[in-house]
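Asks: Below is the file final.txt, which contains compact mmCIF, C-alpha atoms and all ligand atoms.
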```txt
# COMPACT_ATOMS: atom_id res chain seq x y z
CA MET A 1 75.64 55.30 168.85
CA ARG A 2 78.00 54.29 171.59
CA GLN A 3 76.87 54.77 175.14
CA ARG A 4 79.04 56.94 177.30
CA ILE A 5 80.83 55.15 180.09
CA ARG A 6 80.02 56.57 183.48
CA TYR A 7 82.34 57.02 186.40
CA GLY A 8 81.70 54.31 188.96
CA VAL A 9 83.04 56.26 191.92
CA THR A 10 81.72 57.74 195.13
CA ALA A 11 80.08 61.14 195.14
CA ALA A 12 83.05 62.69 196.97
CA ALA A 13 85.57 61.24 194.53
CA LEU A 14 83.37 62.27 191.65
CA ALA A 15 83.27 65.84 192.92
CA GLY A 16 87.07 65.76 193.10
CA VAL A 17 87.35 64.49 189.55
CA MET A 18 84.94 67.14 188.31
CA LEU A 19 86.79 69.91 190.11
CA ALA A 20 90.09 68.79 188.64
CA ALA A 21 88.46 68.50 185.25
CA SER A 22 86.88 71.92 185.27
CA ALA A 23 90.19 73.46 186.28
CA CYS A 24 91.81 72.22 183.11
CA GLY A 25 88.82 72.32 180.80
CA GLY A 26 88.53 68.60 180.06
CA THR A 27 87.38 65.28 181.42
CA THR A 28 87.77 61.75 180.21
CA ARG A 29 85.53 58.79 180.53
CA GLY A 30 86.36 56.35 183.26
CA GLU A 31 85.55 52.72 183.67
CA ASP A 32 82.26 51.24 184.84
CA ASP A 33 83.82 49.43 187.79
CA GLY A 34 85.70 52.45 189.02
CA SER A 35 89.04 50.66 188.93
CA GLY A 36 90.49 52.94 186.29
CA GLY A 37 88.78 56.27 186.30
CA GLY A 38 89.30 59.13 183.92
CA SER A 39 91.61 62.03 184.27
CA GLY A 40 91.44 65.51 182.96
CA GLY A 41 95.09 66.39 182.66
CA SER A 42 95.80 67.36 186.26
CA GLY A 43 94.65 64.46 188.45
CA GLU A 44 96.84 61.65 189.77
CA ALA A 45 98.04 59.19 187.18
CA ASP A 46 97.67 55.49 187.89
CA PRO A 47 100.32 53.77 185.72
CA ASP A 48 98.77 50.37 186.52
CA ALA A 49 95.24 51.27 185.42
CA GLU A 50 93.76 48.80 182.95
CA ILE A 51 93.10 50.11 179.46
CA PRO A 52 89.40 49.34 178.94
CA GLU A 53 88.88 46.93 176.04
CA ASP A 54 86.13 48.78 174.25
CA LEU A 55 87.55 52.29 173.93
CA ALA A 56 86.22 54.16 170.91
CA ILE A 57 89.29 55.75 169.31
CA SER A 58 88.62 57.95 166.29
CA PHE A 59 91.07 59.40 163.78
CA LEU A 60 90.34 62.72 162.11
CA PRO A 61 93.20 63.59 159.72
CA LYS A 62 93.71 66.92 157.94
CA GLN A 63 92.00 65.35 154.96
CA LEU A 64 91.11 61.91 153.65
CA ASN A 65 92.65 60.63 150.40
CA ASN A 66 96.13 61.86 151.28
CA PRO A 67 98.37 58.74 151.21
CA TYR A 68 100.35 60.09 154.16
CA PHE A 69 97.26 60.16 156.38
CA THR A 70 96.06 56.81 155.10
CA VAL A 71 99.30 55.30 156.39
CA ALA A 72 99.15 57.27 159.66
CA ASP A 73 95.56 56.30 160.36
CA ASN A 74 96.28 52.66 159.55
CA GLY A 75 99.03 52.81 162.16
CA GLY A 76 96.37 54.06 164.55
CA LYS A 77 94.12 51.16 163.61
CA GLU A 78 96.91 48.68 164.30
CA ALA A 79 97.20 50.06 167.84
CA VAL A 80 93.43 50.18 168.40
CA ASP A 81 93.15 46.55 167.27
CA GLU A 82 95.89 45.57 169.73
CA LEU A 83 94.03 47.38 172.49
CA GLY A 84 90.72 45.75 171.63
CA GLY A 85 89.11 49.11 170.93
CA GLU A 86 86.79 50.43 168.25
CA PHE A 87 88.62 52.26 165.46
CA LYS A 88 87.01 54.87 163.26
CA GLU A 89 88.43 57.23 160.63
CA VAL A 90 86.47 60.25 159.42
CA GLY A 91 87.51 63.51 157.81
CA PRO A 92 87.06 66.18 155.17
CA SER A 93 88.24 65.89 151.58
CA GLU A 94 89.93 69.29 151.74
CA ALA A 95 92.35 70.61 154.34
CA ASN A 96 90.53 73.93 154.92
CA ALA A 97 90.85 75.69 158.27
CA SER A 98 87.32 74.91 159.47
CA SER A 99 86.62 71.71 157.53
CA GLN A 100 87.11 69.50 160.61
CA VAL A 101 84.69 71.21 162.98
CA SER A 102 81.55 69.28 162.04
CA TYR A 103 83.46 65.97 162.27
CA ILE A 104 84.66 66.81 165.79
CA ASN A 105 81.11 67.65 166.85
CA THR A 106 79.80 64.38 165.46
CA LEU A 107 82.53 62.30 167.10
CA SER A 108 81.80 63.99 170.40
CA GLN A 109 78.06 63.33 170.07
CA GLN A 110 78.84 59.70 169.28
CA GLY A 111 80.78 59.44 172.54
CA SER A 112 84.24 58.85 171.11
CA ASP A 113 86.57 58.15 174.05
CA VAL A 114 89.60 59.41 172.14
CA ILE A 115 89.72 61.84 169.22
CA ALA A 116 93.10 61.78 167.46
CA THR A 117 93.34 64.64 165.00
CA ALA A 118 95.84 66.53 162.83
CA ALA A 119 94.61 70.11 162.98
CA ASN A 120 94.18 72.13 159.80
CA ASP A 121 94.26 75.31 161.86
CA PRO A 122 95.35 75.75 165.47
CA ASN A 123 92.35 77.89 166.42
CA ALA A 124 89.46 77.03 164.09
CA VAL A 125 89.06 73.62 165.76
CA CYS A 126 89.54 74.89 169.29
CA GLY A 127 85.93 75.46 170.36
CA ALA A 128 84.76 72.11 169.03
CA LEU A 129 87.70 70.25 170.59
CA ASN A 130 87.09 71.81 173.99
CA GLN A 131 83.40 70.94 173.80
CA ALA A 132 84.38 67.35 173.01
CA ARG A 133 86.75 67.32 175.99
CA GLN A 134 84.07 68.72 178.26
CA ALA A 135 81.76 65.95 177.06
CA GLY A 136 84.40 63.40 178.03
CA SER A 137 86.69 62.76 175.06
CA VAL A 138 90.46 62.73 175.36
CA VAL A 139 91.80 64.88 172.52
CA VAL A 140 95.18 63.93 171.07
CA THR A 141 96.60 65.97 168.23
CA PHE A 142 99.21 64.36 166.02
CA ASP A 143 101.18 65.68 163.03
CA SER A 144 99.74 69.23 163.26
CA ASP A 145 98.88 70.70 166.64
CA ALA A 146 95.89 72.70 167.79
CA ASP A 147 96.32 75.47 170.34
CA PRO A 148 97.59 73.51 173.39
CA LYS A 149 94.64 74.90 175.40
CA CYS A 150 92.30 72.79 173.27
CA ARG A 151 93.86 69.36 173.44
CA ASP A 152 95.29 66.97 176.02
CA LEU A 153 98.38 65.67 174.21
CA PHE A 154 100.29 66.43 171.00
CA ILE A 155 102.24 63.68 169.23
CA ASN A 156 104.92 65.47 167.27
CA GLN A 157 106.60 63.49 164.48
CA ALA A 158 110.01 64.94 165.38
CA THR A 159 111.09 68.19 166.96
CA SER A 160 110.27 71.13 164.70
CA GLU A 161 113.92 72.19 164.99
CA ASP A 162 115.12 68.82 163.65
CA LEU A 163 112.67 68.98 160.77
CA ALA A 164 113.74 72.51 159.86
CA THR A 165 117.41 71.65 160.06
CA VAL A 166 117.21 68.51 157.95
CA GLN A 167 115.37 70.37 155.18
CA VAL A 168 117.75 73.34 155.24
CA GLU A 169 120.75 71.03 155.12
CA MET A 170 119.32 69.06 152.20
CA ILE A 171 118.52 72.10 150.05
CA ALA A 172 121.81 73.84 150.89
CA GLU A 173 123.76 70.80 149.85
CA GLN A 174 121.74 70.21 146.71
CA ILE A 175 122.22 73.77 145.42
CA GLY A 176 125.91 73.95 146.37
CA GLY A 177 125.33 76.40 149.20
CA GLU A 178 124.16 79.38 147.13
CA GLY A 179 121.27 80.74 145.12
CA GLU A 180 117.58 81.57 145.27
CA ILE A 181 115.15 79.16 146.87
CA ALA A 182 111.39 79.10 147.41
CA PHE A 183 108.96 77.19 149.60
CA LEU A 184 105.95 75.29 148.29
CA SER A 185 103.91 74.69 151.44
CA ALA A 186 100.60 73.08 152.34
CA THR A 187 97.73 75.30 153.56
CA PRO A 188 98.48 78.81 154.88
CA ASN A 189 97.03 77.90 158.30
CA ALA A 190 98.72 74.53 158.91
CA THR A 191 100.35 74.56 162.34
CA ASN A 192 103.06 72.08 161.42
CA GLN A 193 104.19 73.60 158.11
CA ASN A 194 104.10 77.11 159.55
CA ALA A 195 106.31 76.08 162.46
CA TRP A 196 108.82 74.48 160.08
CA LEU A 197 108.78 77.43 157.65
CA LYS A 198 109.47 79.89 160.44
CA LEU A 199 112.40 77.86 161.76
CA MET A 200 113.80 77.25 158.25
CA GLU A 201 113.71 80.97 157.52
CA GLU A 202 115.48 81.68 160.79
CA GLU A 203 118.21 79.15 160.00
CA LEU A 204 118.61 80.43 156.47
CA ALA A 205 119.05 83.95 157.83
CA THR A 206 122.18 82.95 159.76
CA ASP A 207 125.70 83.60 158.45
CA GLU A 208 126.14 79.97 157.51
CA TYR A 209 123.58 80.38 154.75
CA SER A 210 124.23 83.98 153.75
CA ASP A 211 124.55 83.00 150.07
CA ILE A 212 121.05 81.51 150.01
CA GLU A 213 118.08 83.81 149.50
CA VAL A 214 114.42 82.86 150.09
CA VAL A 215 112.52 84.60 147.29
CA ASP A 216 108.99 83.21 147.62
CA THR A 217 106.55 81.10 149.64
CA VAL A 218 103.50 79.68 147.90
CA TYR A 219 100.71 77.37 149.10
CA GLY A 220 99.43 74.31 147.27
CA ASN A 221 96.81 73.71 150.01
CA ASP A 222 97.73 70.01 150.08
CA ASP A 223 95.79 69.75 146.84
CA ASP A 224 97.64 67.86 144.13
CA GLN A 225 96.63 70.02 141.17
CA LYS A 226 97.07 73.33 142.97
CA SER A 227 100.51 72.23 144.19
CA PHE A 228 101.46 71.20 140.64
CA ASN A 229 100.33 74.60 139.31
CA GLU A 230 102.14 76.47 142.09
CA MET A 231 105.39 74.67 141.24
CA GLN A 232 105.01 75.64 137.62
CA GLY A 233 104.32 79.24 138.68
CA LEU A 234 107.41 79.38 140.90
CA LEU A 235 109.68 78.23 138.10
CA GLN A 236 108.21 80.73 135.66
CA THR A 237 108.24 83.66 138.08
CA HIS A 238 111.80 83.13 139.27
CA PRO A 239 114.07 82.31 136.33
CA ASP A 240 117.14 82.13 138.61
CA LEU A 241 115.59 79.75 141.11
CA ALA A 242 118.13 77.20 142.32
CA GLY A 243 115.85 75.09 144.49
CA VAL A 244 112.44 74.46 146.02
CA VAL A 245 111.64 73.03 149.47
CA SER A 246 108.20 71.49 149.86
CA PRO A 247 107.52 70.46 153.49
CA THR A 248 104.40 68.50 152.58
CA THR A 249 104.03 65.06 151.03
CA VAL A 250 101.27 66.29 148.70
CA GLY A 251 103.30 69.31 147.58
CA LEU A 252 106.56 67.43 147.11
CA ALA A 253 105.03 64.67 144.98
CA ALA A 254 103.12 67.14 142.78
CA ALA A 255 106.17 69.40 142.42
CA ALA A 256 108.32 66.41 141.44
CA ARG A 257 105.76 65.40 138.80
CA TYR A 258 105.94 68.85 137.25
CA LEU A 259 109.70 69.20 137.56
CA GLY A 260 110.41 65.72 136.25
CA SER A 261 108.74 66.38 132.92
CA SER A 262 109.96 69.96 132.50
CA ASP A 263 113.14 71.51 131.14
CA TYR A 264 114.05 72.49 134.70
CA LYS A 265 114.79 68.87 135.65
CA GLY A 266 118.42 68.64 136.72
CA GLU A 267 118.65 72.44 136.83
CA VAL A 268 116.45 73.16 139.85
CA ALA A 269 116.79 71.13 143.05
CA LEU A 270 113.70 69.90 144.85
CA THR A 271 113.49 68.50 148.36
CA GLY A 272 111.26 68.50 151.44
CA LEU A 273 109.05 65.93 153.15
CA GLY A 274 107.60 63.01 151.19
CA THR A 275 106.59 59.38 151.42
CA PRO A 276 109.04 56.91 149.86
CA ASN A 277 106.28 55.26 147.82
CA GLN A 278 105.17 58.54 146.24
CA MET A 279 108.72 59.74 145.63
CA ARG A 280 110.43 56.53 144.47
CA GLU A 281 110.09 57.15 140.74
CA TYR A 282 111.36 60.72 141.05
CA VAL A 283 114.41 59.65 143.03
CA LYS A 284 115.14 56.87 140.54
CA ASN A 285 114.79 59.19 137.51
CA ASP A 286 117.03 61.84 139.11
CA THR A 287 114.37 64.52 139.57
CA VAL A 288 114.89 64.48 143.35
CA GLU A 289 118.12 63.58 145.11
CA GLU A 290 117.06 63.39 148.75
CA PHE A 291 114.06 64.12 150.95
CA ALA A 292 112.99 63.28 154.49
CA LEU A 293 110.08 61.93 156.56
CA TRP A 294 109.22 59.90 159.63
CA ASP A 295 107.16 56.71 159.61
CA PRO A 296 103.54 57.95 159.48
CA ALA A 297 102.26 54.56 160.70
CA ASP A 298 104.33 54.88 163.86
CA LEU A 299 102.93 58.37 164.39
CA GLY A 300 99.32 57.14 164.25
CA TYR A 301 100.19 54.11 166.37
CA LEU A 302 101.73 56.30 169.06
CA ALA A 303 98.76 58.68 169.01
CA ALA A 304 96.36 55.81 169.66
CA TYR A 305 98.43 54.42 172.56
CA ALA A 306 98.84 57.87 174.10
CA GLY A 307 95.10 58.58 173.86
CA ALA A 308 94.16 55.19 175.29
CA SER A 309 96.65 55.63 178.13
CA GLN A 310 95.14 58.97 179.06
CA ALA A 311 91.56 57.70 178.72
CA ALA A 312 92.47 54.87 181.09
CA GLY A 313 94.08 57.25 183.61
CA ARG A 314 97.58 55.80 183.17
CA ILE A 315 98.76 59.31 182.36
CA THR A 316 97.19 62.72 182.87
CA GLY A 317 99.32 64.74 180.45
CA GLU A 318 101.84 66.00 183.01
CA LYS A 319 105.45 66.50 181.93
CA GLY A 320 107.68 63.60 182.89
CA GLN A 321 104.97 60.92 182.94
CA THR A 322 105.77 57.84 180.89
CA PHE A 323 103.64 55.21 179.16
CA GLU A 324 104.11 52.06 177.09
CA ALA A 325 103.27 52.36 173.41
CA GLY A 326 103.16 48.71 172.30
CA ARG A 327 105.87 47.79 169.79
CA LEU A 328 107.38 51.31 170.02
CA GLY A 329 108.25 50.95 173.69
CA GLU A 330 108.16 53.63 176.37
CA TYR A 331 107.55 57.33 175.74
CA GLU A 332 107.78 60.33 178.03
CA ILE A 333 105.53 63.37 178.02
CA GLY A 334 107.43 66.63 177.52
CA ALA A 335 106.46 70.25 178.16
CA ASP A 336 102.93 71.28 177.13
CA GLY A 337 101.77 67.68 176.75
CA GLU A 338 104.06 67.08 173.77
CA ILE A 339 105.39 63.63 172.94
CA VAL A 340 108.04 63.33 170.21
CA LEU A 341 108.07 60.23 167.98
CA GLY A 342 111.73 60.42 166.98
CA PRO A 343 114.21 61.82 164.48
CA PRO A 344 113.30 61.96 160.76
CA THR A 345 114.81 59.64 158.15
CA VAL A 346 116.48 60.90 154.97
CA PHE A 347 115.68 58.94 151.81
CA ASN A 348 117.76 58.73 148.64
CA LYS A 349 118.64 56.16 145.96
CA ASP A 350 120.66 54.12 148.43
CA ASN A 351 117.87 53.37 150.90
CA ILE A 352 114.51 54.20 149.33
CA ASP A 353 113.78 50.58 148.42
CA ASP A 354 114.10 49.58 152.06
CA TYR A 355 110.83 51.42 152.79
CA ASP A 356 107.28 50.67 151.77
CA PHE A 357 104.93 53.45 152.83
C1 LIG A 401 101.23 66.34 154.27
C2 LIG A 401 100.49 67.01 155.39
C3 LIG A 401 101.02 66.59 156.74
C4 LIG A 401 102.53 66.70 156.79
C5 LIG A 401 103.15 65.91 155.69
C6 LIG A 401 104.66 66.04 155.68
O1 LIG A 401 100.82 65.03 154.11
O2 LIG A 401 100.58 68.38 155.24
O3 LIG A 401 100.45 67.40 157.72
O4 LIG A 401 103.03 66.30 158.03
O5 LIG A 401 102.64 66.40 154.45
```
Let's see the structure in the file written out as structure tokens.
Ligand code: RAM
Replies:
Amino acid sequence: MRQRIRYGVTAAALAGVMLAASACGGTTRGEDDGSGGGSGGSGEADPDAEIPEDLAISFLPKQLNNPYFTVADNGGKEAVDELGGEFKEVGPSEANASSQVSYINTLSQQGSDVIATAANDPNAVCGALNQARQAGSVVVTFDSDADPKCRDLFINQATSEDLATVQVEMIAEQIGGEGEIAFLSATPNATNQNAWLKLMEEELATDEYSDIEVVDTVYGNDDDQKSFNEMQGLLQTHPDLAGVVSPTTVGLAAAARYLGSSDYKGEVALTGLGTPNQMREYVKNDTVEEFALWDPADLGYLAAYAGASQAAGRITGEKGQTFEAGRLGEYEIGADGEIVLGPPTVFNKDNIDDYDF
């Protein structure tokens, strides 16, 4: 077990740090020599603070064995290696609402300096995350946020509005602007998918899309077999279905597998968010025309740099602060501690072979 780093500061300064920390519900570990010092989200940032070499930076994805998170966490490892820290990846095998709680508790007990996690539920993880913060961890959510009260920073893959718009535009185009569509989502509690679903429904309710009707939303729970079965169920339940949007890499790949070997191939459009490596064969065999994603490795990489920067005191989570994220360059913190990676990429036959993740 890793020993917690103690603040090497005077009693008066320490009292100040603790006051600031208790006001915002979190503290971070500082450096032994007192040159860096931790910050709890409201203290002064020191952009020149050294990032300590031995930071323990742990990744806790929604679930292990999801290729998307394997790539994201490996991006995190790349950053941690560059920073000379200790990387760890732990996580549940299923993306249930409360499946991450015991992992958060263990990481906190082990003295992880940074916990980078994609929340399966915005609230179920809250108590454990806040306990970890009180014990000194910086909590960075990436991919899927927790309640902002329970984390320091959120690394969003793109703005939720951009992700909703790109998926609505793709499905509208692929079904010729009219017909019934359905959503095949991840888990019912996922913060990220729920945000995108809400915005997609709002966009589809505007005049521009008045000829498109959303007839169903089903949940594959980011489980391959359940997603496959749910796709089959959608097609059987709605004989007039023109298209399906699956805003999850697990759901989209499973749905494409079902669609590609069914009589619906070429009749029903399928799009959403997927990894190029999982979707390549379905794009090449004309099951799927176009889908979108960001680079998951960049997302993990940015999460690690952001967490390390906050643990070092370079940033405190305030809007407008900036930090260097290695090969990705400089990023700025937005409202509510949110940092946006960048716009999504659309993949189709023309460009899919340019990507390998
Ligand atoms: C799945 C997960 C993840 C989501 C991607 C698009 O891998 O649900 O949270 O961001 O799909």
Asks: Give as a list in words the residues surrounding ligand LIG 401 (chain A) up to a distance of 8 Å, considering only C-alpha atoms and all ligand atoms.
Replies: Lys62, Asn66, Pro67, Tyr68, Phe69, Ala118, Asp143, Ser144, Gln157, Ala186, Thr187, Ala190, Asn192, Gln193, Asp222, Pro247, Thr248, Thr249, Val250, Gly251, Leu273, Gly274 and Leu293 of chain A
Asks: List every protein, DNA or RNA residue that has an atom no more than 10 Å from (95.8, 66.4, 161.3) in the file's coordinate frame, counting all atoms listed in the file, and report them as a JSON list (two decimals) with C-alpha atoms, in the coordinates of the input.
Replies:
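Below is the file part.json, written as the result:
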```json
[["chain", "number", "residue", "atom", "x", "y", "z"],
["A", 59, "PHE", "CA", 91.07, 59.40, 163.78],
["A", 60, "LEU", "CA", 90.34, 62.72, 162.11],
["A", 61, "PRO", "CA", 93.20, 63.59, 159.72],
["A", 62, "LYS", "CA", 93.71, 66.92, 157.94],
["A", 63, "GLN", "CA", 92.00, 65.35, 154.96],
["A", 69, "PHE", "CA", 97.26, 60.16, 156.38],
["A", 72, "ALA", "CA", 99.15, 57.27, 159.66],
["A", 91, "GLY", "CA", 87.51, 63.51, 157.81],
["A", 95, "ALA", "CA", 92.35, 70.61, 154.34],
["A", 100, "GLN", "CA", 87.11, 69.50, 160.61],
["A", 116, "ALA", "CA", 93.10, 61.78, 167.46],
["A", 117, "THR", "CA", 93.34, 64.64, 165.00],
["A", 118, "ALA", "CA", 95.84, 66.53, 162.83],
["A", 119, "ALA", "CA", 94.61, 70.11, 162.98],
["A", 120, "ASN", "CA", 94.18, 72.13, 159.80],
["A", 121, "ASP", "CA", 94.26, 75.31, 161.86],
["A", 141, "THR", "CA", 96.60, 65.97, 168.23],
["A", 142, "PHE", "CA", 99.21, 64.36, 166.02],
["A", 143, "ASP", "CA", 101.18, 65.68, 163.03],
["A", 144, "SER", "CA", 99.74, 69.23, 163.26],
["A", 145, "ASP", "CA", 98.88, 70.70, 166.64],
["A", 146, "ALA", "CA", 95.89, 72.70, 167.79],
["A", 190, "ALA", "CA", 98.72, 74.53, 158.91],
["A", 191, "THR", "CA", 100.35, 74.56, 162.34],
["A", 192, "ASN", "CA", 103.06, 72.08, 161.42]]
```
Asks: Extending 8 Å beyond the listed atoms of range 184-196 of chain A on each side, what axis-aligned box results? I want centre and edge lengths in Å to one decimal, as lines of an AutoDock Vina configuration file.
Replies:
```
center_x = 102.9
center_y = 75.4
center_z = 155.4
size_x = 27.8
size_y = 22.7
size_z = 30.2
```
Asks: Would you please work out which residue, of A:Val140, A:Val218, A:Ile171, A:Leu302, is nearest to Ala242 in chain A when using only C-alpha atoms?
Replies: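 Under the stated criterion, the closest residue is A:Ile171.
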Asks: Rank nothing, just name the residue among A:Asn156, A:Gln131, A:Gln109, A:Ser99 nearest to Pro344 in chain A, using all atoms listed in the file.
Replies: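 Of A:Asn156, A:Gln131, A:Gln109, A:Ser99, the one nearest Pro344 in chain A is A:Asn156, counting all atoms listed in the file.
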Asks: What's the separation between CA of Glu290 in chain A and CA of Asn348 in chain A, in Å to one decimal place?
Replies: 4.7 Å
Asks: Need the shell around Phe323 in chain A: protein/DNA/RNA residues with any atom at most 8 Å away, counting all atoms listed in the file. Skip same-chain ones fewer than 2 positions apart. Format as a PyMOL selection string?
Replies: chain A and resi 47+306+309+314-315+321+325+330-332
Asks: Distance CA of Met231 in chain A-CA of Ala256 in chain A, one decimal place?
Replies: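 Separation between CA of Met231 in chain A and CA of Ala256 in chain A: 8.8 Å.
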Asks: Counting only C-alpha atoms, figure out which residue out of A:Asn130, A:Ser227, A:Ser93, A:Ser210 gets nearest to Glu178 in chain A.
Replies: A:Ser210
Asks: Please determine, counting only C-alpha atoms, which residue among A:Asp216, A:Asp286, A:Glu324, A:Asp152 has the shortest atom-to-atom distance to Asp48 in chain A.
Replies: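 Selected residue with least distance to Asp48 in chain A: A:Glu324.
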Asks: Give me the residues near Ser108 in chain A as a compact mmCIF listing (two decimals) with C-alpha atoms, keeping the file's coordinate frame, where near means some atom within 9 Å (using all atoms listed in the file) and where sequence neighbours in that chain fewer than 2 positions away do not count.
Replies:
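What follows is the written file result06.txt:
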```txt
# COMPACT_ATOMS: atom_id res chain seq x y z
CA TYR A 103 83.46 65.97 162.27
CA ILE A 104 84.66 66.81 165.79
CA ASN A 105 81.11 67.65 166.85
CA THR A 106 79.80 64.38 165.46
CA GLN A 110 78.84 59.70 169.28
CA GLY A 111 80.78 59.44 172.54
CA SER A 112 84.24 58.85 171.11
CA ASP A 113 86.57 58.15 174.05
CA ILE A 115 89.72 61.84 169.22
CA ALA A 128 84.76 72.11 169.03
CA LEU A 129 87.70 70.25 170.59
CA GLN A 131 83.40 70.94 173.80
CA ALA A 132 84.38 67.35 173.01
CA ARG A 133 86.75 67.32 175.99
CA ALA A 135 81.76 65.95 177.06
CA GLY A 136 84.40 63.40 178.03
CA SER A 137 86.69 62.76 175.06
```
Asks: At what distance in Å, to one decimal, does CA of Ile212 in chain A lie from CA of Ile175 in chain A?
Replies: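 Separating CA of Ile175 in chain A from CA of Ile212 in chain A is a distance of 9.1 Å.
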Asks: Env of Phe183 in chain A: 9 Å cut, atoms = only C-alpha atoms, seq-sep filter 4 positions within chain, self excluded. Answer as a ChimeraX atom specification.
Replies: /A:197,214-219,243-247
Asks: For Glu169 in chain A, which residue among A:Ser262, A:Gly75, A:Ala303, A:Glu208 is the nearest when counting all atoms listed in the file?
Replies: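 Under the stated criterion, the closest residue is A:Glu208.
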Asks: Using all atoms listed in the file, can you list as a PyMOL selection string the residues within 10 Å of (94.9, 47.0, 180.1)?
Replies: chain A and resi 36+48-53+83-84+308-309+312+314
Asks: Find the residues near Lys319 in chain A: any atom within 9 Å, counting only C-alpha atoms, skip ones fewer than 5 places away on the same chain, and give them as a list in words.
Replies: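 After dropping sequence-adjacent residues, the list is Glu332, Ile333, Gly334, Ala335, Asp336, Gly337 and Glu338 of chain A.
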Asks: Pick from A:Pro276, A:Gly85, A:Pro188, A:Gly76: nearest to Leu55 in chain A, with only C-alpha atoms counted?
Replies: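 Of all the options, A:Gly85 lies closest to Leu55 in chain A.
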Asks: Could you give me, as a list of chain:residue names, the residues within 7 Å of Phe87 in chain A, counting all atoms listed in the file and dropping anything in the same chain fewer than 4 positions from it?
Replies: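 Near Phe87 in chain A, the qualifying residues are A:Ala56, A:Ile57, A:Ser58, A:Lys77, A:Val80.
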